[in-house]
>>> print(open('start.txt').read())   # compact mmCIF, C-alpha atoms and all ligand atoms
# COMPACT_ATOMS: atom_id res chain seq x y z
CA MET A 1 114.77 108.33 60.06
CA GLU A 2 114.44 111.05 62.68
CA LYS A 3 117.24 111.54 65.21
CA ILE A 4 115.53 111.50 68.59
CA LEU A 5 118.48 111.93 70.95
CA SER A 6 120.53 115.10 71.29
CA GLU A 7 124.28 114.55 70.87
CA ASP A 8 124.63 114.89 74.62
CA ALA A 9 121.86 112.39 75.40
CA LEU A 10 123.33 109.92 72.90
CA LEU A 11 126.74 110.19 74.56
CA GLN A 12 125.17 109.71 77.99
CA PHE A 13 123.16 106.73 76.75
CA ARG A 14 126.28 105.10 75.33
CA ARG A 15 128.37 105.87 78.41
CA LEU A 16 125.80 104.63 80.94
CA THR A 17 125.11 101.40 79.05
CA ALA A 18 128.83 100.78 78.45
CA GLU A 19 129.68 101.24 82.13
CA ALA A 20 126.84 99.08 83.48
CA GLN A 21 127.07 95.35 84.10
CA HIS A 22 123.82 94.51 85.90
CA ILE A 23 120.98 96.23 84.12
CA VAL A 24 117.37 95.99 85.25
CA ILE A 25 114.61 96.96 82.85
CA CYS A 26 111.35 97.83 84.62
CA THR A 27 107.95 98.65 83.23
CA HIS A 28 104.53 99.60 84.55
CA VAL A 29 102.04 97.63 86.62
CA ASN A 30 99.72 95.35 84.59
CA PRO A 31 102.15 95.39 81.66
CA ASP A 32 100.64 95.56 78.20
CA GLY A 33 102.07 94.56 74.83
CA ASP A 34 104.17 97.69 74.47
CA ALA A 35 105.53 97.38 78.01
CA ILE A 36 106.56 93.75 77.51
CA GLY A 37 107.63 94.07 73.87
CA SER A 38 109.78 97.15 74.30
CA SER A 39 111.34 95.75 77.51
CA LEU A 40 112.22 92.48 75.78
CA ALA A 41 113.67 94.29 72.76
CA MET A 42 115.83 96.39 75.08
CA LYS A 43 116.94 93.28 76.94
CA LYS A 44 117.95 91.49 73.75
CA TYR A 45 119.93 94.52 72.58
CA LEU A 46 121.80 94.88 75.89
CA ALA A 47 122.38 91.13 76.17
CA ARG A 48 124.06 91.26 72.75
CA GLU A 49 126.38 93.89 74.22
CA GLY A 50 127.37 91.31 76.84
CA LYS A 51 125.40 92.75 79.74
CA ASN A 52 123.66 90.89 82.49
CA VAL A 53 120.04 92.02 82.02
CA GLU A 54 116.75 91.26 83.74
CA VAL A 55 113.27 92.46 82.87
CA VAL A 56 111.36 92.85 86.15
CA VAL A 57 107.67 93.77 86.01
CA PRO A 58 105.49 94.67 89.02
CA THR A 59 102.62 92.28 88.25
CA SER A 60 101.89 89.48 85.82
CA PHE A 61 101.01 90.09 82.17
CA PRO A 62 98.30 88.56 79.95
CA ASP A 63 98.58 85.09 78.45
CA PHE A 64 98.25 86.43 74.89
CA LEU A 65 101.74 87.94 75.25
CA LYS A 66 103.42 84.81 76.60
CA TRP A 67 104.43 83.54 73.15
CA MET A 68 106.77 86.50 72.66
CA PRO A 69 110.45 85.59 72.33
CA GLY A 70 111.97 85.92 75.80
CA ALA A 71 108.63 86.33 77.63
CA SER A 72 109.31 83.29 79.81
CA GLU A 73 112.38 85.06 81.24
CA VAL A 74 110.39 88.08 82.46
CA LYS A 75 110.38 88.19 86.27
CA VAL A 76 107.21 89.17 88.09
CA TYR A 77 108.06 91.12 91.23
CA ALA A 78 104.79 90.35 93.01
CA LYS A 79 105.51 86.61 92.71
CA HIS A 80 109.20 86.66 93.75
CA GLU A 81 109.44 89.74 95.94
CA GLU A 82 112.50 88.77 97.95
CA GLU A 83 114.53 87.46 95.04
CA MET A 84 113.63 90.43 92.81
CA SER A 85 114.36 92.96 95.56
CA ALA A 86 117.88 91.54 95.62
CA VAL A 87 118.20 91.81 91.82
CA ILE A 88 116.95 95.40 91.93
CA LYS A 89 119.34 96.24 94.76
CA GLU A 90 122.30 94.96 92.73
CA ALA A 91 121.46 96.84 89.54
CA ASP A 92 123.96 99.43 88.36
CA LEU A 93 121.62 100.83 85.70
CA PHE A 94 117.85 100.93 85.20
CA LEU A 95 115.96 101.27 81.98
CA VAL A 96 112.58 102.86 82.62
CA ALA A 97 110.47 101.41 79.84
CA ASP A 98 106.97 102.61 78.97
CA TYR A 99 106.22 104.55 82.16
CA ASN A 100 106.76 108.13 83.23
CA ALA A 101 106.67 108.09 87.04
CA PRO A 102 107.85 105.74 89.80
CA SER A 103 104.29 105.43 91.12
CA ARG A 104 103.44 103.34 88.01
CA LEU A 105 105.60 100.60 89.55
CA MET A 106 103.14 100.17 92.44
CA GLY A 107 104.60 97.65 94.92
CA MET A 108 108.00 97.73 93.22
CA GLU A 109 108.43 101.50 93.50
CA ALA A 110 110.25 101.63 96.85
CA ALA A 111 112.81 99.00 95.83
CA VAL A 112 113.69 100.79 92.57
CA ILE A 113 113.83 104.25 94.09
CA ALA A 114 116.03 103.03 96.97
CA ASN A 115 118.77 102.16 94.47
CA PRO A 116 120.57 105.36 93.42
CA ALA A 117 121.95 103.76 90.21
CA PRO A 118 121.40 105.85 87.05
CA LYS A 119 118.11 105.53 85.22
CA ILE A 120 117.36 105.96 81.52
CA MET A 121 113.74 106.61 80.60
CA ILE A 122 112.51 105.42 77.21
CA ASP A 123 108.82 106.30 77.06
CA HIS A 124 105.94 107.92 75.24
CA HIS A 125 103.69 109.15 78.07
CA THR A 126 103.22 112.86 78.72
CA ASP A 127 104.70 114.65 81.75
CA PRO A 128 107.76 112.55 82.59
CA ALA A 129 108.60 112.78 86.30
CA ASP A 130 112.08 113.98 87.22
CA PHE A 131 113.86 110.81 88.39
CA CYS A 132 116.04 109.73 85.45
CA GLN A 133 119.48 110.87 84.26
CA VAL A 134 118.57 110.41 80.59
CA VAL A 135 115.01 111.05 79.46
CA VAL A 136 113.84 109.98 76.02
CA SER A 137 110.17 110.86 76.28
CA ARG A 138 108.19 111.12 73.05
CA PRO A 139 104.43 111.43 73.57
CA ASP A 140 104.06 112.03 69.83
CA MET A 141 105.19 108.46 69.15
CA CYS A 142 102.75 105.56 69.06
CA ALA A 143 104.62 103.25 71.42
CA THR A 144 107.71 103.04 73.56
CA ALA A 145 108.85 100.43 71.05
CA GLU A 146 108.70 103.06 68.32
CA VAL A 147 110.92 105.33 70.43
CA TRP A 148 113.30 102.38 70.86
CA CYS A 149 113.27 101.66 67.12
CA HIS A 150 114.28 105.25 66.34
CA LEU A 151 116.93 105.11 69.02
CA LEU A 152 118.42 101.95 67.49
CA ASP A 153 118.38 103.64 64.11
CA GLN A 154 120.25 106.60 65.53
CA THR A 155 122.89 104.42 67.17
CA GLY A 156 123.33 102.66 63.82
CA GLU A 157 122.18 99.31 65.18
CA LEU A 158 118.72 98.96 63.68
CA ASP A 159 119.97 97.04 60.65
CA ALA A 160 121.71 94.55 62.92
CA ILE A 161 118.78 93.59 65.16
CA SER A 162 117.75 89.96 65.37
CA HIS A 163 114.50 88.51 64.07
CA ASP A 164 113.31 88.14 67.68
CA GLU A 165 114.02 91.78 68.49
CA ALA A 166 112.05 92.82 65.43
CA VAL A 167 109.14 90.60 66.54
CA CYS A 168 109.14 92.25 69.98
CA ILE A 169 109.25 95.79 68.61
CA TYR A 170 106.54 95.13 66.02
CA THR A 171 104.25 93.42 68.55
CA ALA A 172 104.62 96.33 70.94
CA MET A 173 103.78 98.92 68.29
CA MET A 174 100.85 96.84 67.08
CA CYS A 175 99.44 96.50 70.59
CA ASP A 176 99.62 100.21 71.43
CA THR A 177 97.89 101.24 68.19
CA GLY A 178 95.09 98.67 68.10
CA ALA A 179 96.84 97.02 65.15
CA PHE A 180 97.55 100.42 63.59
CA THR A 181 93.99 101.71 63.83
CA TYR A 182 94.80 104.68 66.11
CA ALA A 183 97.75 106.94 67.03
CA SER A 184 99.55 105.64 63.98
CA SER A 185 99.17 108.08 61.11
CA ARG A 186 102.73 109.43 61.17
CA PRO A 187 104.85 108.23 58.25
CA ALA A 188 107.66 107.44 60.72
CA VAL A 189 105.54 104.59 62.13
CA TYR A 190 105.65 102.92 58.76
CA GLU A 191 109.34 103.63 58.28
CA CYS A 192 109.86 101.57 61.43
CA ILE A 193 107.53 98.84 60.21
CA GLY A 194 109.39 98.71 56.91
CA LYS A 195 112.66 98.09 58.72
CA LEU A 196 111.08 95.43 60.93
CA LEU A 197 109.52 93.60 57.99
CA ALA A 198 112.94 93.56 56.35
CA CYS A 199 114.05 91.37 59.28
CA GLY A 200 111.67 88.71 58.00
CA ILE A 201 108.95 88.96 60.65
CA ASP A 202 105.53 87.48 59.86
CA LYS A 203 103.23 90.35 60.83
CA ASP A 204 100.04 88.42 60.07
CA LYS A 205 101.05 85.64 62.42
CA ILE A 206 101.92 88.21 65.09
CA TYR A 207 98.43 89.66 64.70
CA ARG A 208 96.81 86.25 65.14
CA ASN A 209 99.07 85.43 68.11
CA VAL A 210 97.82 88.52 69.95
CA PHE A 211 94.27 89.08 68.80
CA TRP A 212 92.91 85.68 67.79
CA THR A 213 93.64 83.73 70.93
CA ALA A 214 90.37 84.12 72.78
CA SER A 215 89.06 81.40 75.06
CA PRO A 216 85.45 80.30 74.61
CA ALA A 217 84.77 81.93 77.99
CA ARG A 218 86.02 85.29 76.72
CA MET A 219 83.80 85.16 73.64
CA LYS A 220 80.77 84.34 75.80
CA LEU A 221 81.57 87.12 78.25
CA MET A 222 81.98 89.53 75.32
CA GLY A 223 78.49 88.66 74.11
CA TYR A 224 77.09 89.15 77.61
CA MET A 225 78.87 92.48 78.04
CA LEU A 226 77.50 93.85 74.77
CA TYR A 227 73.99 92.46 75.24
CA VAL A 228 73.44 93.03 78.96
CA LYS A 229 76.09 95.40 80.30
CA MET A 230 76.70 98.09 77.68
CA ASP A 231 74.91 101.30 78.64
CA VAL A 232 74.91 103.62 75.63
CA LEU A 233 74.28 107.26 76.45
CA THR A 234 73.25 108.16 72.92
CA GLN A 235 72.94 111.93 73.46
CA MET A 236 76.40 112.06 74.99
CA HIS A 237 78.02 109.81 72.38
CA ALA A 238 79.39 107.83 75.30
CA SER A 239 79.09 104.32 76.65
CA ILE A 240 79.63 102.74 80.08
CA MET A 241 80.32 99.04 80.67
CA THR A 242 80.90 97.39 84.03
CA LEU A 243 82.33 94.06 85.12
CA THR A 244 82.31 92.64 88.62
CA ASN A 245 84.33 89.79 90.06
CA SER A 246 81.22 87.64 90.45
CA GLU A 247 80.59 88.03 86.71
CA ARG A 248 84.22 87.04 86.09
CA ARG A 249 83.66 83.92 88.19
CA LEU A 250 80.36 83.16 86.46
CA PHE A 251 82.12 83.06 83.08
CA GLY A 252 85.30 81.51 84.46
CA ILE A 253 87.60 84.15 83.02
CA LYS A 254 91.02 85.38 84.03
CA ASN A 255 92.46 88.90 84.16
CA GLY A 256 93.72 89.40 80.62
CA ASP A 257 90.54 87.96 79.16
CA THR A 258 88.88 91.38 79.18
CA GLU A 259 91.64 93.07 77.19
CA GLY A 260 90.19 95.27 74.46
CA PHE A 261 86.59 95.17 75.70
CA VAL A 262 86.77 98.92 76.30
CA ASN A 263 87.26 99.50 72.57
CA MET A 264 84.13 97.67 71.43
CA PRO A 265 81.52 100.43 72.00
CA LEU A 266 83.59 102.80 69.86
CA GLN A 267 82.42 100.77 66.85
CA ILE A 268 78.98 102.36 67.33
CA MET A 269 78.50 105.18 64.84
CA GLY A 270 79.15 108.61 66.33
CA MET A 271 80.52 107.23 69.61
CA ARG A 272 83.24 109.43 71.11
CA LEU A 273 83.95 107.95 74.52
CA SER A 274 83.90 104.48 76.02
CA VAL A 275 84.31 103.85 79.73
CA PHE A 276 84.97 100.38 81.11
CA LEU A 277 84.78 99.78 84.86
CA ALA A 278 86.20 96.56 86.22
CA GLN A 279 86.34 95.49 89.84
CA ASP A 280 89.92 94.73 90.82
CA THR A 281 90.45 91.00 91.24
CA GLU A 282 92.73 91.35 94.26
CA HIS A 283 91.17 94.43 95.88
CA PRO A 284 87.40 94.20 95.42
CA ASP A 285 86.93 97.70 96.86
CA VAL A 286 88.91 99.14 93.95
CA ILE A 287 87.37 99.81 90.54
CA LYS A 288 89.80 100.01 87.64
CA VAL A 289 88.69 102.63 85.12
CA SER A 290 89.60 102.41 81.43
CA LEU A 291 88.80 105.19 79.00
CA ARG A 292 89.02 105.25 75.23
CA SER A 293 88.02 108.03 72.85
CA VAL A 294 88.26 109.05 69.23
CA ASP A 295 89.45 112.29 67.66
CA ASP A 296 90.07 115.15 70.08
CA PHE A 297 88.26 114.01 73.20
CA PRO A 298 90.85 114.19 76.01
CA CYS A 299 90.44 110.99 78.05
CA ASN A 300 93.54 111.82 80.05
CA GLU A 301 91.99 115.07 81.33
CA MET A 302 88.87 113.19 82.40
CA ALA A 303 91.00 110.47 84.03
CA ALA A 304 93.08 113.02 85.92
CA ARG A 305 90.04 115.04 87.09
CA PHE A 306 87.72 112.20 88.07
CA PHE A 307 89.57 108.89 88.30
CA ASN A 308 92.96 109.53 89.96
CA GLY A 309 94.69 108.61 86.73
CA GLY A 310 95.93 109.85 83.42
CA GLY A 311 97.37 108.50 80.21
CA HIS A 312 97.12 109.40 76.57
CA LYS A 313 94.55 111.61 74.89
CA ASN A 314 92.65 108.65 73.40
CA ALA A 315 93.53 105.93 75.93
CA SER A 316 93.66 106.57 79.65
CA GLY A 317 92.92 104.94 82.91
CA GLY A 318 92.65 105.36 86.62
CA ARG A 319 91.15 103.82 89.72
CA LEU A 320 88.45 104.54 92.26
CA GLN A 321 88.09 103.16 95.74
CA CYS A 322 84.34 102.65 96.05
CA SER A 323 81.50 100.33 95.08
CA MET A 324 80.61 99.70 91.44
CA ASP A 325 77.40 101.73 91.79
CA GLU A 326 79.31 104.69 93.16
CA ALA A 327 81.88 104.35 90.36
CA VAL A 328 79.10 104.47 87.77
CA GLU A 329 77.76 107.65 89.40
CA THR A 330 81.24 109.19 89.22
CA VAL A 331 81.47 108.29 85.54
CA LYS A 332 78.09 109.89 84.86
CA LYS A 333 79.22 113.00 86.69
CA ALA A 334 82.43 113.08 84.63
CA ILE A 335 80.46 112.69 81.40
CA ARG A 336 78.17 115.57 82.38
CA ALA A 337 81.22 117.71 83.17
CA PHE A 338 82.61 117.05 79.68
CA GLU A 339 79.19 117.33 78.01
CA SER A 340 80.21 120.23 75.75
CA LEU A 341 83.00 118.15 74.21
CA LEU A 342 80.87 115.03 73.82
CA LYS A 343 77.44 116.17 72.55
P1 LIG B 1 94.26 100.68 80.34
O1 LIG B 1 92.86 101.17 80.16
O2 LIG B 1 94.69 99.84 79.19
O3 LIG B 1 94.50 100.08 81.67
O4 LIG B 1 95.19 101.97 80.31
C1 LIG B 1 95.31 102.76 79.17
C2 LIG B 1 96.37 103.80 79.38
O5 LIG B 1 95.98 104.67 80.42
C3 LIG B 1 97.71 103.23 79.83
O6 LIG B 1 98.54 102.98 78.74
C4 LIG B 1 98.28 104.31 80.69
O7 LIG B 1 98.93 105.25 79.90
C5 LIG B 1 97.07 105.00 81.25
N1 LIG B 1 96.72 104.60 82.63
C6 LIG B 1 96.02 103.50 83.01
N2 LIG B 1 95.85 103.48 84.35
C7 LIG B 1 96.46 104.59 84.83
C8 LIG B 1 96.63 105.13 86.14
O8 LIG B 1 96.15 104.61 87.15
N3 LIG B 1 97.32 106.30 86.21
C9 LIG B 1 97.83 106.93 85.10
N4 LIG B 1 98.52 108.07 85.27
N5 LIG B 1 97.69 106.44 83.88
C10 LIG B 1 97.02 105.30 83.72
MN MN B 2 103.03 102.19 75.62
>>> encode(input="start.txt", output="structure tokens")
Amino acid sequence: MEKILSEDALLQFRRLTAEAQHIVICTHVNPDGDAIGSSLAMKKYLAREGKNVEVVVPTSFPDFLKWMPGASEVKVYAKHEEEMSAVIKEADLFLVADYNAPSRLMGMEAAVIANPAPKIMIDHHTDPADFCQVVVSRPDMCATAEVWCHLLDQTGELDAISHDEAVCIYTAMMCDTGAFTYASSRPAVYECIGKLLACGIDKDKIYRNVFWTASPARMKLMGYMLYVKMDVLTQMHASIMTLTNSERRLFGIKNGDTEGFVNMPLQIMGMRLSVFLAQDTEHPDVIKVSLRSVDDFPCNEMAARFFNGGGHKNASGGRLQCSMDEAVETVKKAIRAFESLLK
């Protein structure tokens, strides 16, 4: 497999992890499968090396990830602010997993930045900010967990990982590729999968654990969203869907229950862009924007220009502080601005 660290970076990685005793692994706000899976895999690796390791995430993560080995040990900063601030203050090394800038930590940012301990970034987002001593940033890779898998291979430890570590890495890669339906055509992805399967993981069960765990409420909301709320702009090959908190209450659904909704309109033939607008559950004046595209349409450019966000070419996000109606107008404006790439 490909060597992803320079000799110097590998030495630094080994030295920093060897010297550290209290390691904190942090990931981005609203952690997804890759954020949780890669963080847990890193934790298991470092724990095997005898380190004291905590995974601290800014906000809670969806129920469909709670079965993952070690998930119950993940600490949510927003729920235990005082206790976690102390843990972060004591850390002598940070792993920056699946995010590229401190701002992605939201409420946790100040606490992490206040600690001058070294930081190692393991990530696959573009434009890594300059705040880490070692940066392993690979936007060409499908998931942070893939970056981690290559790193383990390079350190010679991939063959020694536990079954649980393999489950975490596989789950993370599966989540960030829509079960290997996008961003996953590089042969190296399957080299990783081959190694993980050799650890005896049950990939079909992992798939069911993540994707076939809907509540009845989620299925009903999905039907409502497609029937009532999906606005297909046929000429533009784009679709807009919106969800308000009162609709959430009406269907009795929780946060993670809308995961993946943004992908559904892309099943329409010829569709290039799907935009999903969801009112924030805690800050009703904030609209969370999710963008998904196929082929070359650059969601991240649209997110950066119109939605105070960014992300990957085919999967990006951002946020707007306005009403839902105003957010829809902004989306329509953005779509018109990118008309030449959509029509
Ligand atoms: P989602 O739609 O699942 O919330 O986000 C998809 C992707 O867009 C994330 O993996 C992340 O890379 C990016 N993203 C989401 N929200 C933001 C944001 O507010 N700022 C930036 N820079 N990227 C975001
Ligand atoms: Mn990721």
>>> closest_residue(input="start.txt", among="A:Ala114, A:Ala278, A:Ala217, A:Val57", to="A:Ala97", atoms="only C-alpha atoms")
A:Val57
>>> residues_near_ligand(input="start.txt", ligand="ligand MN 2 (chain B)", cutoff="7 Å", atoms="all atoms listed in the file", output="ChimeraX atom specification")
/A:34-35,98,124,143-144,176
>>> write_last_selection(input="start.txt", atoms="C-alpha atoms", output="CSV table (one decimal), in the frame of the given file")
chain,number,residue,atom,x,y,z
A,34,ASP,CA,104.2,97.7,74.5
A,35,ALA,CA,105.5,97.4,78.0
A,98,ASP,CA,107.0,102.6,79.0
A,124,HIS,CA,105.9,107.9,75.2
A,143,ALA,CA,104.6,103.2,71.4
A,144,THR,CA,107.7,103.0,73.6
A,176,ASP,CA,99.6,100.2,71.4
>>> residues_near_ligand(input="start.txt", ligand="ligand LIG 1 (chain B)", cutoff="10 Å", atoms="all atoms listed in the file", output="JSON, numbers by chain")
{"A": [28, 29, 30, 31, 32, 33, 34, 35, 98, 99, 100, 101, 103, 104, 106, 124, 125, 126, 127, 143, 176, 259, 260, 261, 262, 263, 275, 276, 277, 288, 289, 290, 291, 292, 299, 300, 303, 304, 307, 308, 309, 310, 311, 312, 313, 314, 315, 316, 317, 318, 319, 320]}
>>> closest_residue(input="start.txt", among="A:Asn245, A:Asn115, A:Thr27, A:Thr177", to="A:Lys75", atoms="all atoms listed in the file")
A:Thr27
>>> residues_around(input="start.txt", residues="stretch 209-215 of chain A", least_positions_apart="2", cutoff="8 Å", atoms="only C-alpha atoms", output="VMD selection string")
chain A and resid 64 to 65 67 205 to 207 217 to 219 257
>>> closest_residue(input="start.txt", among="A:Val76, A:Ala9, A:Cys192, A:Ala183", to="A:His150", atoms="all atoms listed in the file")
A:Cys192
>>> atom_distance(input="start.txt", atom1="atom CA of A:Val232", atom2="atom CA of A:Val294")
15.8 Å
>>> residues_around(input="start.txt", residues="A:Pro265", least_positions_apart="5", cutoff="12 Å", atoms="all atoms listed in the file", output="tab-separated table (two decimals) with C-alpha atoms, in the frame of the given file")
chain	number	residue	atom	x	y	z
A	222	MET	CA	81.98	89.53	75.32
A	225	MET	CA	78.87	92.48	78.04
A	226	LEU	CA	77.50	93.85	74.77
A	227	TYR	CA	73.99	92.46	75.24
A	229	LYS	CA	76.09	95.40	80.30
A	230	MET	CA	76.70	98.09	77.68
A	231	ASP	CA	74.91	101.30	78.64
A	232	VAL	CA	74.91	103.62	75.63
A	233	LEU	CA	74.28	107.26	76.45
A	234	THR	CA	73.25	108.16	72.92
A	237	HIS	CA	78.02	109.81	72.38
A	238	ALA	CA	79.39	107.83	75.30
A	239	SER	CA	79.09	104.32	76.65
A	240	ILE	CA	79.63	102.74	80.08
A	241	MET	CA	80.32	99.04	80.67
A	260	GLY	CA	90.19	95.27	74.46
A	270	GLY	CA	79.15	108.61	66.33
A	271	MET	CA	80.52	107.23	69.61
A	272	ARG	CA	83.24	109.43	71.11
A	273	LEU	CA	83.95	107.95	74.52
A	274	SER	CA	83.90	104.48	76.02
A	275	VAL	CA	84.31	103.85	79.73
A	276	PHE	CA	84.97	100.38	81.11
A	291	LEU	CA	88.80	105.19	79.00
A	292	ARG	CA	89.02	105.25	75.23
A	293	SER	CA	88.02	108.03	72.85
A	294	VAL	CA	88.26	109.05	69.23
>>> closest_residue(input="start.txt", among="A:Phe306, A:Phe13, A:Phe251, A:Phe338", to="A:Leu46", atoms="only C-alpha atoms")
A:Phe13
>>> closest_residue(input="start.txt", among="A:Ala41, A:Met269, A:Val189, A:Cys26", to="A:Met173", atoms="all atoms listed in the file")
A:Val189
>>> residues_around(input="start.txt", residues="A:Pro118", least_positions_apart="6", cutoff="10 Å", atoms="only C-alpha atoms", output="list in words")
Leu16, Thr17, Ala20, Ala91, Asp92, Leu93, Phe94, Leu95, Phe131, Cys132, Gln133 and Val134 of chain A
>>> write_last_selection(input="start.txt", atoms="C-alpha atoms", output="tab-separated table (two decimals), in the frame of the given file")
chain	number	residue	atom	x	y	z
A	16	LEU	CA	125.80	104.63	80.94
A	17	THR	CA	125.11	101.40	79.05
A	20	ALA	CA	126.84	99.08	83.48
A	91	ALA	CA	121.46	96.84	89.54
A	92	ASP	CA	123.96	99.43	88.36
A	93	LEU	CA	121.62	100.83	85.70
A	94	PHE	CA	117.85	100.93	85.20
A	95	LEU	CA	115.96	101.27	81.98
A	131	PHE	CA	113.86	110.81	88.39
A	132	CYS	CA	116.04	109.73	85.45
A	133	GLN	CA	119.48	110.87	84.26
A	134	VAL	CA	118.57	110.41	80.59
>>> closest_residue(input="start.txt", among="A:Ile161, A:Ala129, A:Met121, A:Val96", to="A:Tyr45", atoms="only C-alpha atoms")
A:Ile161
>>> residues_around(input="start.txt", residues="A:Ser137", least_positions_apart="2", cutoff="7 Å", atoms="only C-alpha atoms", output="ChimeraX atom specification")
/A:122-125,128,135,139
>>> atom_distance(input="start.txt", atom1="atom CA of A:Asp285", atom2="atom CA of A:Met108")
21.4 Å
>>> atom_distance(input="start.txt", atom1="atom CA of A:Cys149", atom2="atom CA of A:Ile169")
7.3 Å
>>> decode(input="start.txt", residues="stretch 230-242 of chain A", atoms="N, CA, C and O atoms", output="mmCIF file, in the first residue's frame")
data_model
loop_
_atom_site.group_PDB
_atom_site.id
_atom_site.type_symbol
_atom_site.label_atom_id
_atom_site.label_comp_id
_atom_site.auth_asym_id
_atom_site.auth_seq_id
_atom_site.Cartn_x
_atom_site.Cartn_y
_atom_site.Cartn_z
ATOM 1 N N MET A 230 -40.207 18.096 -1.318
ATOM 2 C CA MET A 230 -39.136 18.091 -2.313
ATOM 3 C C MET A 230 -39.512 18.990 -3.492
ATOM 4 O O MET A 230 -40.494 18.733 -4.183
ATOM 5 N N ASP A 231 -38.740 20.051 -3.688
ATOM 6 C CA ASP A 231 -38.990 20.974 -4.788
ATOM 7 C C ASP A 231 -37.937 20.703 -5.870
ATOM 8 O O ASP A 231 -36.764 21.037 -5.700
ATOM 9 N N VAL A 232 -38.376 20.055 -6.946
ATOM 10 C CA VAL A 232 -37.422 19.698 -8.008
ATOM 11 C C VAL A 232 -37.398 20.802 -9.060
ATOM 12 O O VAL A 232 -38.426 21.106 -9.662
ATOM 13 N N LEU A 233 -36.236 21.405 -9.244
ATOM 14 C CA LEU A 233 -36.062 22.416 -10.276
ATOM 15 C C LEU A 233 -35.528 21.691 -11.512
ATOM 16 O O LEU A 233 -34.311 21.605 -11.722
ATOM 17 N N THR A 234 -36.448 21.160 -12.288
ATOM 18 C CA THR A 234 -36.078 20.224 -13.361
ATOM 19 C C THR A 234 -35.038 20.815 -14.312
ATOM 20 O O THR A 234 -34.041 20.164 -14.629
ATOM 21 N N GLN A 235 -35.270 22.065 -14.747
ATOM 22 C CA GLN A 235 -34.348 22.700 -15.708
ATOM 23 C C GLN A 235 -32.927 22.793 -15.161
ATOM 24 O O GLN A 235 -31.964 22.703 -15.898
ATOM 25 N N MET A 236 -32.852 22.992 -13.855
ATOM 26 C CA MET A 236 -31.545 23.211 -13.210
ATOM 27 C C MET A 236 -30.908 21.900 -12.748
ATOM 28 O O MET A 236 -29.798 21.907 -12.236
ATOM 29 N N HIS A 237 -31.642 20.804 -12.889
ATOM 30 C CA HIS A 237 -31.140 19.517 -12.374
ATOM 31 C C HIS A 237 -30.785 19.616 -10.894
ATOM 32 O O HIS A 237 -29.772 19.079 -10.443
ATOM 33 N N ALA A 238 -31.638 20.355 -10.174
ATOM 34 C CA ALA A 238 -31.379 20.563 -8.750
ATOM 35 C C ALA A 238 -32.662 20.379 -7.948
ATOM 36 O O ALA A 238 -33.760 20.452 -8.514
ATOM 37 N N SER A 239 -32.503 20.130 -6.672
ATOM 38 C CA SER A 239 -33.658 19.926 -5.815
ATOM 39 C C SER A 239 -33.429 20.619 -4.467
ATOM 40 O O SER A 239 -32.304 20.681 -3.977
ATOM 41 N N ILE A 240 -34.510 21.142 -3.895
ATOM 42 C CA ILE A 240 -34.421 21.789 -2.577
ATOM 43 C C ILE A 240 -35.441 21.126 -1.654
ATOM 44 O O ILE A 240 -36.611 20.977 -2.017
ATOM 45 N N MET A 241 -34.992 20.736 -0.472
ATOM 46 C CA MET A 241 -35.906 20.196 0.542
ATOM 47 C C MET A 241 -35.700 20.972 1.834
ATOM 48 O O MET A 241 -34.574 21.315 2.161
ATOM 49 N N THR A 242 -36.788 21.211 2.557
ATOM 50 C CA THR A 242 -36.661 21.958 3.806
ATOM 51 C C THR A 242 -37.325 21.202 4.950
ATOM 52 O O THR A 242 -38.285 20.457 4.739
#
